[in-house]
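Asks: This is the content of start_36.cif (mmCIF, N, CA and C atoms and all ligand atoms):
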data_final
loop_
_atom_site.label_atom_id
_atom_site.label_comp_id
_atom_site.auth_asym_id
_atom_site.auth_seq_id
_atom_site.Cartn_x
_atom_site.Cartn_y
_atom_site.Cartn_z
N MET A 3 28.73 -13.56 1.24
CA MET A 3 28.60 -12.28 0.58
C MET A 3 27.44 -11.52 1.18
N THR A 4 27.59 -10.25 1.39
CA THR A 4 26.51 -9.42 1.90
C THR A 4 26.26 -8.28 0.94
N THR A 5 25.03 -7.82 0.91
CA THR A 5 24.66 -6.71 0.05
C THR A 5 23.82 -5.74 0.83
N THR A 6 24.19 -4.48 0.81
CA THR A 6 23.37 -3.45 1.42
C THR A 6 22.43 -2.93 0.36
N VAL A 7 21.13 -2.95 0.65
CA VAL A 7 20.13 -2.60 -0.35
C VAL A 7 19.95 -1.10 -0.48
N ASN A 8 19.87 -0.43 0.64
CA ASN A 8 19.61 1.00 0.62
C ASN A 8 20.86 1.76 1.05
N ILE A 9 20.95 2.95 0.54
CA ILE A 9 22.02 3.83 1.01
C ILE A 9 21.50 4.48 2.29
N SER A 10 22.33 4.55 3.29
CA SER A 10 21.85 5.11 4.56
C SER A 10 22.85 6.09 5.11
N PRO A 11 22.35 6.93 6.00
CA PRO A 11 23.29 7.81 6.70
C PRO A 11 24.27 6.94 7.48
N THR A 12 25.47 7.37 7.56
CA THR A 12 26.46 6.59 8.27
C THR A 12 27.13 7.43 9.33
N SER A 13 27.71 6.75 10.28
CA SER A 13 28.46 7.44 11.31
C SER A 13 29.76 7.94 10.71
N PRO A 14 30.50 8.71 11.47
CA PRO A 14 31.80 9.18 10.96
C PRO A 14 32.73 8.02 10.60
N LEU A 15 32.46 6.85 11.19
CA LEU A 15 33.31 5.69 10.87
C LEU A 15 32.81 4.94 9.65
N GLY A 16 31.72 5.41 9.02
CA GLY A 16 31.21 4.77 7.83
C GLY A 16 30.31 3.58 8.11
N VAL A 17 29.82 3.48 9.36
CA VAL A 17 28.95 2.37 9.73
C VAL A 17 27.51 2.86 9.74
N ALA A 18 26.60 2.07 9.16
CA ALA A 18 25.19 2.45 9.15
C ALA A 18 24.69 2.57 10.58
N GLU A 19 23.86 3.56 10.84
CA GLU A 19 23.34 3.78 12.20
C GLU A 19 22.36 2.68 12.59
N HIS A 20 21.55 2.22 11.65
CA HIS A 20 20.59 1.13 11.88
C HIS A 20 20.73 0.13 10.74
N THR A 21 20.57 -1.15 11.07
CA THR A 21 20.60 -2.17 10.03
C THR A 21 19.59 -3.27 10.36
N LEU A 22 18.86 -3.67 9.33
CA LEU A 22 17.97 -4.83 9.42
C LEU A 22 18.68 -5.97 8.68
N PHE A 23 19.13 -6.95 9.45
CA PHE A 23 19.80 -8.11 8.86
C PHE A 23 18.74 -9.18 8.55
N VAL A 24 18.85 -9.78 7.39
CA VAL A 24 17.92 -10.83 6.98
C VAL A 24 18.72 -12.04 6.48
N CYS A 25 18.49 -13.18 7.10
CA CYS A 25 19.19 -14.39 6.67
C CYS A 25 18.55 -14.91 5.39
N LYS A 26 19.35 -15.01 4.35
CA LYS A 26 18.80 -15.46 3.07
C LYS A 26 18.94 -16.98 2.88
N THR A 27 19.52 -17.65 3.85
CA THR A 27 19.71 -19.10 3.73
C THR A 27 18.63 -19.88 4.46
N CYS A 28 17.93 -19.20 5.36
CA CYS A 28 16.88 -19.89 6.14
C CYS A 28 15.87 -20.57 5.22
N ALA A 29 15.33 -21.68 5.72
CA ALA A 29 14.28 -22.41 5.02
C ALA A 29 14.69 -22.78 3.60
N SER A 30 15.92 -23.26 3.48
CA SER A 30 16.41 -23.74 2.18
C SER A 30 16.14 -25.23 2.05
N THR A 31 15.99 -25.67 0.83
CA THR A 31 15.92 -27.09 0.53
C THR A 31 17.22 -27.46 -0.17
N TRP A 32 17.89 -28.48 0.38
CA TRP A 32 19.21 -28.84 -0.14
C TRP A 32 19.17 -30.21 -0.80
N GLN A 33 19.96 -30.35 -1.85
CA GLN A 33 20.14 -31.65 -2.49
C GLN A 33 21.56 -31.75 -3.00
N ASP A 34 22.25 -32.79 -2.57
CA ASP A 34 23.65 -33.01 -2.96
C ASP A 34 24.50 -31.77 -2.70
N GLY A 35 24.27 -31.12 -1.57
CA GLY A 35 25.09 -29.97 -1.20
C GLY A 35 24.73 -28.69 -1.91
N LYS A 36 23.68 -28.70 -2.73
CA LYS A 36 23.29 -27.48 -3.43
C LYS A 36 21.86 -27.09 -3.06
N ARG A 37 21.65 -25.79 -2.98
CA ARG A 37 20.32 -25.31 -2.63
C ARG A 37 19.41 -25.44 -3.85
N LEU A 38 18.22 -25.94 -3.61
CA LEU A 38 17.22 -26.07 -4.68
C LEU A 38 16.31 -24.85 -4.65
N GLY A 39 16.25 -24.15 -5.75
CA GLY A 39 15.33 -23.02 -5.87
C GLY A 39 15.60 -21.91 -4.88
N GLU A 40 14.59 -21.11 -4.69
CA GLU A 40 14.70 -19.95 -3.80
C GLU A 40 14.39 -20.39 -2.37
N SER A 41 15.21 -19.97 -1.44
CA SER A 41 14.98 -20.32 -0.04
C SER A 41 13.86 -19.46 0.54
N GLY A 42 13.34 -19.89 1.69
CA GLY A 42 12.36 -19.07 2.39
C GLY A 42 12.95 -17.73 2.78
N GLY A 43 14.20 -17.74 3.19
CA GLY A 43 14.86 -16.50 3.57
C GLY A 43 14.98 -15.53 2.40
N GLN A 44 15.26 -16.07 1.22
CA GLN A 44 15.34 -15.19 0.04
C GLN A 44 13.96 -14.60 -0.28
N LYS A 45 12.93 -15.42 -0.12
CA LYS A 45 11.58 -14.91 -0.38
C LYS A 45 11.23 -13.80 0.59
N LEU A 46 11.54 -14.02 1.88
CA LEU A 46 11.26 -12.99 2.87
C LEU A 46 12.08 -11.72 2.57
N LEU A 47 13.34 -11.92 2.22
CA LEU A 47 14.20 -10.78 1.89
C LEU A 47 13.60 -9.97 0.73
N HIS A 48 13.15 -10.66 -0.31
CA HIS A 48 12.59 -9.95 -1.48
C HIS A 48 11.30 -9.21 -1.10
N GLN A 49 10.50 -9.83 -0.25
CA GLN A 49 9.28 -9.15 0.21
C GLN A 49 9.63 -7.90 1.00
N LEU A 50 10.64 -8.01 1.86
CA LEU A 50 11.06 -6.85 2.65
C LEU A 50 11.61 -5.75 1.74
N GLN A 51 12.41 -6.13 0.77
CA GLN A 51 12.97 -5.13 -0.15
C GLN A 51 11.86 -4.42 -0.92
N GLN A 52 10.87 -5.19 -1.31
CA GLN A 52 9.73 -4.63 -2.05
C GLN A 52 8.96 -3.64 -1.17
N LEU A 53 8.61 -4.09 0.02
CA LEU A 53 7.85 -3.24 0.95
C LEU A 53 8.63 -2.00 1.34
N ALA A 54 9.93 -2.17 1.51
CA ALA A 54 10.77 -1.07 1.99
C ALA A 54 10.85 0.08 0.98
N GLN A 55 10.49 -0.18 -0.26
CA GLN A 55 10.51 0.91 -1.25
C GLN A 55 9.55 2.03 -0.86
N ASP A 56 8.50 1.67 -0.13
CA ASP A 56 7.52 2.68 0.31
C ASP A 56 7.61 2.95 1.81
N TRP A 57 8.67 2.49 2.43
CA TRP A 57 8.85 2.65 3.88
C TRP A 57 9.50 3.99 4.14
N ASP A 58 8.96 4.75 5.09
CA ASP A 58 9.52 6.08 5.34
C ASP A 58 10.92 6.03 5.93
N LEU A 59 11.34 4.87 6.44
CA LEU A 59 12.68 4.75 7.01
C LEU A 59 13.67 4.05 6.07
N ARG A 60 13.29 3.90 4.82
CA ARG A 60 14.14 3.11 3.91
C ARG A 60 15.57 3.65 3.80
N ASP A 61 15.72 4.96 3.94
CA ASP A 61 17.07 5.53 3.83
C ASP A 61 17.83 5.50 5.15
N GLN A 62 17.11 5.37 6.25
CA GLN A 62 17.76 5.37 7.57
C GLN A 62 18.03 3.97 8.09
N PHE A 63 17.34 2.97 7.53
CA PHE A 63 17.36 1.63 8.11
C PHE A 63 17.58 0.62 6.97
N PRO A 64 18.81 0.52 6.47
CA PRO A 64 19.07 -0.36 5.32
C PRO A 64 18.86 -1.84 5.66
N ILE A 65 18.49 -2.59 4.65
CA ILE A 65 18.33 -4.04 4.76
C ILE A 65 19.61 -4.68 4.25
N GLN A 66 20.16 -5.55 5.06
CA GLN A 66 21.40 -6.23 4.68
C GLN A 66 21.20 -7.74 4.74
N GLU A 67 21.38 -8.40 3.62
CA GLU A 67 21.25 -9.86 3.61
C GLU A 67 22.51 -10.49 4.17
N VAL A 68 22.30 -11.60 4.89
CA VAL A 68 23.43 -12.34 5.45
C VAL A 68 23.24 -13.83 5.16
N GLU A 69 24.32 -14.56 5.19
CA GLU A 69 24.27 -16.00 4.88
C GLU A 69 23.64 -16.80 6.01
N CYS A 70 23.93 -16.43 7.26
CA CYS A 70 23.44 -17.22 8.38
C CYS A 70 23.69 -16.46 9.67
N MET A 71 22.75 -16.58 10.62
CA MET A 71 22.95 -15.97 11.93
C MET A 71 22.90 -17.03 13.02
N SER A 72 23.19 -18.27 12.64
CA SER A 72 23.31 -19.40 13.58
C SER A 72 22.04 -19.66 14.39
N ALA A 73 20.92 -19.45 13.75
CA ALA A 73 19.64 -19.81 14.36
C ALA A 73 18.84 -20.62 13.35
N CYS A 74 19.54 -21.47 12.64
CA CYS A 74 19.01 -22.14 11.45
C CYS A 74 17.77 -22.99 11.73
N ASN A 75 17.66 -23.53 12.93
CA ASN A 75 16.49 -24.36 13.25
C ASN A 75 15.30 -23.52 13.69
N ARG A 76 15.43 -22.20 13.59
CA ARG A 76 14.33 -21.30 13.95
C ARG A 76 14.01 -20.35 12.79
N SER A 77 14.17 -20.81 11.57
CA SER A 77 13.94 -19.95 10.42
C SER A 77 12.46 -19.57 10.30
N CYS A 78 12.29 -18.40 9.65
CA CYS A 78 13.23 -17.43 9.11
C CYS A 78 13.70 -16.48 10.21
N VAL A 79 14.87 -15.91 9.99
CA VAL A 79 15.55 -15.15 11.03
C VAL A 79 15.92 -13.74 10.52
N VAL A 80 15.64 -12.74 11.37
CA VAL A 80 16.07 -11.37 11.08
C VAL A 80 16.66 -10.78 12.37
N ALA A 81 17.38 -9.68 12.24
CA ALA A 81 17.94 -9.00 13.41
C ALA A 81 17.89 -7.50 13.19
N PHE A 82 17.67 -6.76 14.30
CA PHE A 82 17.75 -5.31 14.30
C PHE A 82 18.99 -4.92 15.08
N SER A 83 19.78 -4.02 14.53
CA SER A 83 20.96 -3.57 15.23
C SER A 83 21.19 -2.09 14.95
N ALA A 84 21.71 -1.40 15.95
CA ALA A 84 22.02 0.01 15.78
C ALA A 84 23.03 0.43 16.82
N LYS A 85 23.78 1.45 16.47
CA LYS A 85 24.77 1.98 17.42
C LYS A 85 24.09 2.47 18.69
N GLY A 86 24.56 2.00 19.83
CA GLY A 86 24.05 2.49 21.10
C GLY A 86 22.70 1.92 21.49
N LYS A 87 22.23 0.89 20.77
CA LYS A 87 20.93 0.28 21.08
C LYS A 87 21.09 -1.21 21.32
N LEU A 88 20.04 -1.78 21.94
CA LEU A 88 19.96 -3.23 22.05
C LEU A 88 19.99 -3.84 20.65
N THR A 89 20.50 -5.05 20.54
CA THR A 89 20.40 -5.81 19.30
C THR A 89 19.41 -6.94 19.53
N TYR A 90 18.47 -7.08 18.60
CA TYR A 90 17.45 -8.14 18.70
C TYR A 90 17.62 -9.14 17.57
N LEU A 91 17.43 -10.42 17.91
CA LEU A 91 17.41 -11.48 16.91
C LEU A 91 16.05 -12.16 17.02
N PHE A 92 15.33 -12.22 15.90
CA PHE A 92 14.02 -12.85 15.87
C PHE A 92 14.03 -14.03 14.92
N GLY A 93 13.34 -15.09 15.33
CA GLY A 93 13.19 -16.26 14.47
C GLY A 93 11.75 -16.69 14.36
N ASP A 94 11.54 -17.85 13.75
CA ASP A 94 10.21 -18.44 13.56
C ASP A 94 9.29 -17.54 12.74
N LEU A 95 9.87 -16.77 11.84
CA LEU A 95 9.06 -15.87 11.03
C LEU A 95 8.54 -16.60 9.80
N ALA A 96 7.24 -16.52 9.60
CA ALA A 96 6.64 -17.15 8.43
C ALA A 96 7.13 -16.47 7.15
N VAL A 97 7.43 -17.27 6.16
CA VAL A 97 8.00 -16.73 4.92
C VAL A 97 7.06 -15.72 4.28
N ASP A 98 5.79 -16.07 4.18
CA ASP A 98 4.87 -15.25 3.39
C ASP A 98 4.02 -14.29 4.20
N ASP A 99 4.27 -14.22 5.50
CA ASP A 99 3.33 -13.45 6.31
C ASP A 99 4.02 -12.60 7.37
N SER A 100 5.27 -12.22 7.13
CA SER A 100 6.00 -11.52 8.19
C SER A 100 6.59 -10.18 7.78
N ALA A 101 6.70 -9.92 6.51
CA ALA A 101 7.47 -8.76 6.06
C ALA A 101 6.93 -7.45 6.62
N SER A 102 5.61 -7.25 6.55
CA SER A 102 5.08 -5.97 7.03
C SER A 102 5.28 -5.84 8.54
N ALA A 103 5.15 -6.96 9.26
CA ALA A 103 5.36 -6.92 10.71
C ALA A 103 6.82 -6.61 11.03
N VAL A 104 7.74 -7.14 10.26
CA VAL A 104 9.16 -6.88 10.49
C VAL A 104 9.46 -5.38 10.31
N LEU A 105 8.92 -4.78 9.27
CA LEU A 105 9.17 -3.35 9.06
C LEU A 105 8.47 -2.51 10.13
N GLU A 106 7.28 -2.94 10.55
CA GLU A 106 6.58 -2.22 11.63
C GLU A 106 7.41 -2.26 12.91
N CYS A 107 7.96 -3.44 13.22
CA CYS A 107 8.77 -3.58 14.43
C CYS A 107 10.08 -2.79 14.28
N ALA A 108 10.62 -2.77 13.10
CA ALA A 108 11.84 -1.99 12.86
C ALA A 108 11.58 -0.51 13.09
N SER A 109 10.40 -0.06 12.71
CA SER A 109 10.04 1.35 12.93
C SER A 109 9.95 1.64 14.42
N GLN A 110 9.37 0.70 15.18
CA GLN A 110 9.30 0.86 16.64
C GLN A 110 10.71 0.93 17.22
N TYR A 111 11.56 0.05 16.75
CA TYR A 111 12.96 -0.01 17.21
C TYR A 111 13.66 1.32 16.92
N TYR A 112 13.43 1.85 15.73
CA TYR A 112 14.06 3.09 15.32
C TYR A 112 13.64 4.25 16.24
N ALA A 113 12.37 4.23 16.63
CA ALA A 113 11.82 5.34 17.41
C ALA A 113 12.31 5.36 18.85
N LYS A 114 12.81 4.25 19.36
CA LYS A 114 13.24 4.18 20.76
C LYS A 114 14.73 4.49 20.87
N ALA A 115 15.07 5.36 21.80
CA ALA A 115 16.48 5.75 21.97
C ALA A 115 17.36 4.56 22.31
N ASP A 116 16.81 3.62 23.09
CA ASP A 116 17.59 2.44 23.49
C ASP A 116 17.24 1.20 22.66
N GLY A 117 16.24 1.33 21.78
CA GLY A 117 15.83 0.21 20.94
C GLY A 117 14.93 -0.81 21.63
N LEU A 118 14.54 -0.54 22.85
CA LEU A 118 13.75 -1.51 23.61
C LEU A 118 12.41 -1.79 22.91
N LEU A 119 12.10 -3.08 22.78
CA LEU A 119 10.87 -3.51 22.12
C LEU A 119 10.05 -4.38 23.08
N PRO A 120 9.23 -3.76 23.93
CA PRO A 120 8.42 -4.54 24.87
C PRO A 120 7.50 -5.51 24.14
N TRP A 121 7.30 -6.68 24.73
CA TRP A 121 6.47 -7.72 24.15
C TRP A 121 5.11 -7.18 23.74
N SER A 122 4.49 -6.41 24.64
CA SER A 122 3.11 -5.97 24.41
C SER A 122 2.99 -5.01 23.23
N GLU A 123 4.09 -4.37 22.85
CA GLU A 123 4.04 -3.39 21.76
C GLU A 123 4.46 -3.98 20.42
N ARG A 124 5.08 -5.15 20.43
CA ARG A 124 5.57 -5.71 19.17
C ARG A 124 4.43 -6.26 18.33
N PRO A 125 4.57 -6.24 17.00
CA PRO A 125 3.56 -6.86 16.14
C PRO A 125 3.45 -8.35 16.47
N GLU A 126 2.28 -8.90 16.25
CA GLU A 126 1.98 -10.29 16.60
C GLU A 126 3.07 -11.25 16.09
N ALA A 127 3.51 -11.08 14.88
CA ALA A 127 4.46 -12.02 14.27
C ALA A 127 5.83 -12.02 14.97
N LEU A 128 6.10 -10.98 15.77
CA LEU A 128 7.39 -10.90 16.44
C LEU A 128 7.27 -11.00 17.96
N LYS A 129 6.15 -11.49 18.43
CA LYS A 129 5.97 -11.64 19.87
C LYS A 129 6.59 -12.91 20.41
N LYS A 130 6.55 -13.99 19.62
CA LYS A 130 6.97 -15.28 20.15
C LYS A 130 8.40 -15.68 19.78
N GLY A 131 8.89 -15.21 18.66
CA GLY A 131 10.13 -15.78 18.13
C GLY A 131 11.40 -15.06 18.53
N ILE A 132 11.39 -14.34 19.63
CA ILE A 132 12.61 -13.61 20.00
C ILE A 132 13.68 -14.60 20.45
N LEU A 133 14.84 -14.52 19.86
CA LEU A 133 15.94 -15.46 20.13
C LEU A 133 17.06 -14.82 20.95
N ALA A 134 17.21 -13.51 20.84
CA ALA A 134 18.27 -12.83 21.58
C ALA A 134 17.95 -11.35 21.73
N LYS A 135 18.35 -10.84 22.87
CA LYS A 135 18.26 -9.38 23.15
C LYS A 135 19.61 -9.05 23.77
N ILE A 136 20.45 -8.42 22.99
CA ILE A 136 21.85 -8.22 23.37
C ILE A 136 22.08 -6.77 23.74
N PRO A 137 22.69 -6.51 24.88
CA PRO A 137 22.94 -5.11 25.28
C PRO A 137 23.82 -4.37 24.29
N SER A 138 23.67 -3.06 24.27
CA SER A 138 24.52 -2.25 23.40
C SER A 138 25.92 -2.14 24.01
N LEU A 139 26.84 -1.71 23.22
CA LEU A 139 28.22 -1.55 23.69
C LEU A 139 28.38 -0.32 24.56
N SER A 140 27.52 0.66 24.33
CA SER A 140 27.68 1.90 25.09
C SER A 140 27.05 1.81 26.46
S1 LIG B 201 20.30 -20.50 7.84
FE1 LIG B 201 19.27 -18.72 8.63
S2 LIG B 201 20.17 -18.52 10.60
FE2 LIG B 201 21.30 -20.14 9.72
#
Once more with this new file: its structure as structure tokens, please.
Replies:
Amino acid sequence: MTTTVNISPTSPLGVAEHTLFVCKTCASTWQDGKRLGESGGQKLLHQLQQLAQDWDLRDQFPIQEVECMSACNRSCVVAFSAKGKLTYLFGDLAVDDSASAVLECASQYYAKADGLLPWSERPEALKKGILAKIPSLS
């Protein structure tokens, strides 16, 4: 199940122009096939949702929770995606110390026409954990 937190401008096809994906399953503790308590990913998601209330891009860059982005051994994991831009997947994000850096990096991503995020310009928390940089379709 996925939930879009913010309402955002959409393309004529109804697709959000920018999306911040957040894995809510990362850093879970499991017992007998059931998750115990709140996962690290859920904590990070809630922190991002809280911070995003005062983010100037909250309406342009919705946060969408996802079950998994297949980088489970590199939790916590987020991704930036937008039409006509590179897609980035970041991992190794600390549960309690990454939310502001993620939004800062998302703002940088938003400002670039191609979405390029050079290492030297990224916030410290997103310098090491890059897992994928995928070309745009256009
Ligand atoms: S559990 Fe988060 S990427 Fe798989």
Asks: Can you list, as a VMD selection string, every residue of chain A that DSSP puts in strand (DSSP E)?
Replies: chain A and resid 5 to 6 20 to 25 31 to 33 36 to 38 65 to 68 80 to 84 89 to 92 132 to 136
Asks: Store the residues picked out above in a file with N, CA and C atoms, as an mmCIF file, keeping the file's coordinate frame.
Replies:
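File result-v2.cif, as written:
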data_model
loop_
_atom_site.group_PDB
_atom_site.id
_atom_site.type_symbol
_atom_site.label_atom_id
_atom_site.label_comp_id
_atom_site.auth_asym_id
_atom_site.auth_seq_id
_atom_site.Cartn_x
_atom_site.Cartn_y
_atom_site.Cartn_z
ATOM 1 N N THR A 5 25.030 -7.820 0.910
ATOM 2 C CA THR A 5 24.660 -6.710 0.050
ATOM 3 C C THR A 5 23.820 -5.740 0.830
ATOM 4 N N THR A 6 24.190 -4.480 0.810
ATOM 5 C CA THR A 6 23.370 -3.450 1.420
ATOM 6 C C THR A 6 22.430 -2.930 0.360
ATOM 7 N N HIS A 20 21.550 2.220 11.650
ATOM 8 C CA HIS A 20 20.590 1.130 11.880
ATOM 9 C C HIS A 20 20.730 0.130 10.740
ATOM 10 N N THR A 21 20.570 -1.150 11.070
ATOM 11 C CA THR A 21 20.600 -2.170 10.030
ATOM 12 C C THR A 21 19.590 -3.270 10.360
ATOM 13 N N LEU A 22 18.860 -3.670 9.330
ATOM 14 C CA LEU A 22 17.970 -4.830 9.420
ATOM 15 C C LEU A 22 18.680 -5.970 8.680
ATOM 16 N N PHE A 23 19.130 -6.950 9.450
ATOM 17 C CA PHE A 23 19.800 -8.110 8.860
ATOM 18 C C PHE A 23 18.740 -9.180 8.550
ATOM 19 N N VAL A 24 18.850 -9.780 7.390
ATOM 20 C CA VAL A 24 17.920 -10.830 6.980
ATOM 21 C C VAL A 24 18.720 -12.040 6.480
ATOM 22 N N CYS A 25 18.490 -13.180 7.100
ATOM 23 C CA CYS A 25 19.190 -14.390 6.670
ATOM 24 C C CYS A 25 18.550 -14.910 5.390
ATOM 25 N N THR A 31 15.990 -25.670 0.830
ATOM 26 C CA THR A 31 15.920 -27.090 0.530
ATOM 27 C C THR A 31 17.220 -27.460 -0.170
ATOM 28 N N TRP A 32 17.890 -28.480 0.380
ATOM 29 C CA TRP A 32 19.210 -28.840 -0.140
ATOM 30 C C TRP A 32 19.170 -30.210 -0.800
ATOM 31 N N GLN A 33 19.960 -30.350 -1.850
ATOM 32 C CA GLN A 33 20.140 -31.650 -2.490
ATOM 33 C C GLN A 33 21.560 -31.750 -3.000
ATOM 34 N N LYS A 36 23.680 -28.700 -2.730
ATOM 35 C CA LYS A 36 23.290 -27.480 -3.430
ATOM 36 C C LYS A 36 21.860 -27.090 -3.060
ATOM 37 N N ARG A 37 21.650 -25.790 -2.980
ATOM 38 C CA ARG A 37 20.320 -25.310 -2.630
ATOM 39 C C ARG A 37 19.410 -25.440 -3.850
ATOM 40 N N LEU A 38 18.220 -25.940 -3.610
ATOM 41 C CA LEU A 38 17.220 -26.070 -4.680
ATOM 42 C C LEU A 38 16.310 -24.850 -4.650
ATOM 43 N N ILE A 65 18.490 -2.590 4.650
ATOM 44 C CA ILE A 65 18.330 -4.040 4.760
ATOM 45 C C ILE A 65 19.610 -4.680 4.250
ATOM 46 N N GLN A 66 20.160 -5.550 5.060
ATOM 47 C CA GLN A 66 21.400 -6.230 4.680
ATOM 48 C C GLN A 66 21.200 -7.740 4.740
ATOM 49 N N GLU A 67 21.380 -8.400 3.620
ATOM 50 C CA GLU A 67 21.250 -9.860 3.610
ATOM 51 C C GLU A 67 22.510 -10.490 4.170
ATOM 52 N N VAL A 68 22.300 -11.600 4.890
ATOM 53 C CA VAL A 68 23.430 -12.340 5.450
ATOM 54 C C VAL A 68 23.240 -13.830 5.160
ATOM 55 N N VAL A 80 15.640 -12.740 11.370
ATOM 56 C CA VAL A 80 16.070 -11.370 11.080
ATOM 57 C C VAL A 80 16.660 -10.780 12.370
ATOM 58 N N ALA A 81 17.380 -9.680 12.240
ATOM 59 C CA ALA A 81 17.940 -9.000 13.410
ATOM 60 C C ALA A 81 17.890 -7.500 13.190
ATOM 61 N N PHE A 82 17.670 -6.760 14.300
ATOM 62 C CA PHE A 82 17.750 -5.310 14.300
ATOM 63 C C PHE A 82 18.990 -4.920 15.080
ATOM 64 N N SER A 83 19.780 -4.020 14.530
ATOM 65 C CA SER A 83 20.960 -3.570 15.230
ATOM 66 C C SER A 83 21.190 -2.090 14.950
ATOM 67 N N ALA A 84 21.710 -1.400 15.950
ATOM 68 C CA ALA A 84 22.020 0.010 15.780
ATOM 69 C C ALA A 84 23.030 0.430 16.820
ATOM 70 N N THR A 89 20.500 -5.050 20.540
ATOM 71 C CA THR A 89 20.400 -5.810 19.300
ATOM 72 C C THR A 89 19.410 -6.940 19.530
ATOM 73 N N TYR A 90 18.470 -7.080 18.600
ATOM 74 C CA TYR A 90 17.450 -8.140 18.700
ATOM 75 C C TYR A 90 17.620 -9.140 17.570
ATOM 76 N N LEU A 91 17.430 -10.420 17.910
ATOM 77 C CA LEU A 91 17.410 -11.480 16.910
ATOM 78 C C LEU A 91 16.050 -12.160 17.020
ATOM 79 N N PHE A 92 15.330 -12.220 15.900
ATOM 80 C CA PHE A 92 14.020 -12.850 15.870
ATOM 81 C C PHE A 92 14.030 -14.030 14.920
ATOM 82 N N ILE A 132 11.390 -14.340 19.630
ATOM 83 C CA ILE A 132 12.610 -13.610 20.000
ATOM 84 C C ILE A 132 13.680 -14.600 20.450
ATOM 85 N N LEU A 133 14.840 -14.520 19.860
ATOM 86 C CA LEU A 133 15.940 -15.460 20.130
ATOM 87 C C LEU A 133 17.060 -14.820 20.950
ATOM 88 N N ALA A 134 17.210 -13.510 20.840
ATOM 89 C CA ALA A 134 18.270 -12.830 21.580
ATOM 90 C C ALA A 134 17.950 -11.350 21.730
ATOM 91 N N LYS A 135 18.350 -10.840 22.870
ATOM 92 C CA LYS A 135 18.260 -9.380 23.150
ATOM 93 C C LYS A 135 19.610 -9.050 23.770
ATOM 94 N N ILE A 136 20.450 -8.420 22.990
ATOM 95 C CA ILE A 136 21.850 -8.220 23.370
ATOM 96 C C ILE A 136 22.080 -6.770 23.740
#
Asks: Please compute the atom C of Ala127 in chain A-CA of Tyr111 in chain A distance, one decimal, in Å.
Replies: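 Pair atom C of Ala127 in chain A / CA of Tyr111 in chain A returns 14.1 Å.
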Asks: Do you have the CA of Ile65 in chain A-CA of Phe82 in chain A distance handy?
Replies: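 Computed distance, CA of Ile65 in chain A to CA of Phe82 in chain A, equals 9.6 Å.
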Asks: Counting all atoms listed in the file, name the residues that have an atom within 5 Å of an atom of ligand LIG 201 (chain B); the answer should be given as a list in words.
Replies: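 For ligand LIG 201 (chain B), the residues inside 5 Å are Cys25, Thr27, Cys28, Cys70, Met71, Ser72, Ala73 and Cys74 of chain A.
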Asks: Grab the residues selected above and save them as a PDB file, in the frame of the given file with N, CA and C atoms.
Replies:
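And here is the file that came out, result31.pdb:
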ATOM      1  N   CYS A  25      18.490 -13.180   7.100  1.00  0.00           N
ATOM      2  CA  CYS A  25      19.190 -14.390   6.670  1.00  0.00           C
ATOM      3  C   CYS A  25      18.550 -14.910   5.390  1.00  0.00           C
ATOM      4  N   THR A  27      19.520 -17.650   3.850  1.00  0.00           N
ATOM      5  CA  THR A  27      19.710 -19.100   3.730  1.00  0.00           C
ATOM      6  C   THR A  27      18.630 -19.880   4.460  1.00  0.00           C
ATOM      7  N   CYS A  28      17.930 -19.200   5.360  1.00  0.00           N
ATOM      8  CA  CYS A  28      16.880 -19.890   6.140  1.00  0.00           C
ATOM      9  C   CYS A  28      15.870 -20.570   5.220  1.00  0.00           C
ATOM     10  N   CYS A  70      23.930 -16.430   7.260  1.00  0.00           N
ATOM     11  CA  CYS A  70      23.440 -17.220   8.380  1.00  0.00           C
ATOM     12  C   CYS A  70      23.690 -16.460   9.670  1.00  0.00           C
ATOM     13  N   MET A  71      22.750 -16.580  10.620  1.00  0.00           N
ATOM     14  CA  MET A  71      22.950 -15.970  11.930  1.00  0.00           C
ATOM     15  C   MET A  71      22.900 -17.030  13.020  1.00  0.00           C
ATOM     16  N   SER A  72      23.190 -18.270  12.640  1.00  0.00           N
ATOM     17  CA  SER A  72      23.310 -19.400  13.580  1.00  0.00           C
ATOM     18  C   SER A  72      22.040 -19.660  14.390  1.00  0.00           C
ATOM     19  N   ALA A  73      20.920 -19.450  13.750  1.00  0.00           N
ATOM     20  CA  ALA A  73      19.640 -19.810  14.360  1.00  0.00           C
ATOM     21  C   ALA A  73      18.840 -20.620  13.350  1.00  0.00           C
ATOM     22  N   CYS A  74      19.540 -21.470  12.640  1.00  0.00           N
ATOM     23  CA  CYS A  74      19.010 -22.140  11.450  1.00  0.00           C
ATOM     24  C   CYS A  74      17.770 -22.990  11.730  1.00  0.00           C
TER      25      CYS A  74
END
Asks: From the options A:Leu139, A:Leu47, A:Ala29, A:Ile132, which residue's atoms come nearest to Tyr90 in chain A, counting all atoms listed in the file?
Replies: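 The answer is A:Ile132, which sits nearest to Tyr90 in chain A.
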Asks: If we count only C-alpha atoms and set the cut-off at 12 Å, which residues sit around Ala54 in chain A, ignoring sequence neighbours fewer than 3 positions away in its own chain? Please answer as an NGL selection string.
Replies: :A and (7-8 or 22 or 46-51 or 57-65 or 101-106 or 108-109)
Asks: Measuring between all atoms listed in the file, which one of A:Gln44, A:Gln110, A:Lys26, A:Lys87 shows the shortest distance to Glu69 in chain A?
Replies: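 Under the stated criterion, the closest residue is A:Lys26.
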Asks: Would you mind writing down, as a PyMOL selection string, each residue of range 67-110 of chain A that DSSP on the backbone assigns to alpha helix (DSSP H)?
Replies: chain A and resi 101-110
Asks: Report the distance between atom C of Thr89 in chain A and atom N of Gly43 in chain A in Å, rounded to one decimal place.
Replies: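 Separation between atom C of Thr89 in chain A and atom N of Gly43 in chain A: 20.3 Å.
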Asks: Given only C-alpha atoms as the basis, pick out the residue of A:Ser122, A:Ser138, A:Ser83, A:Ser77 nearest to Ser41 in chain A.
Replies: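 Between A:Ser122, A:Ser138, A:Ser83, A:Ser77, the residue approaching Ser41 in chain A most closely is A:Ser77.
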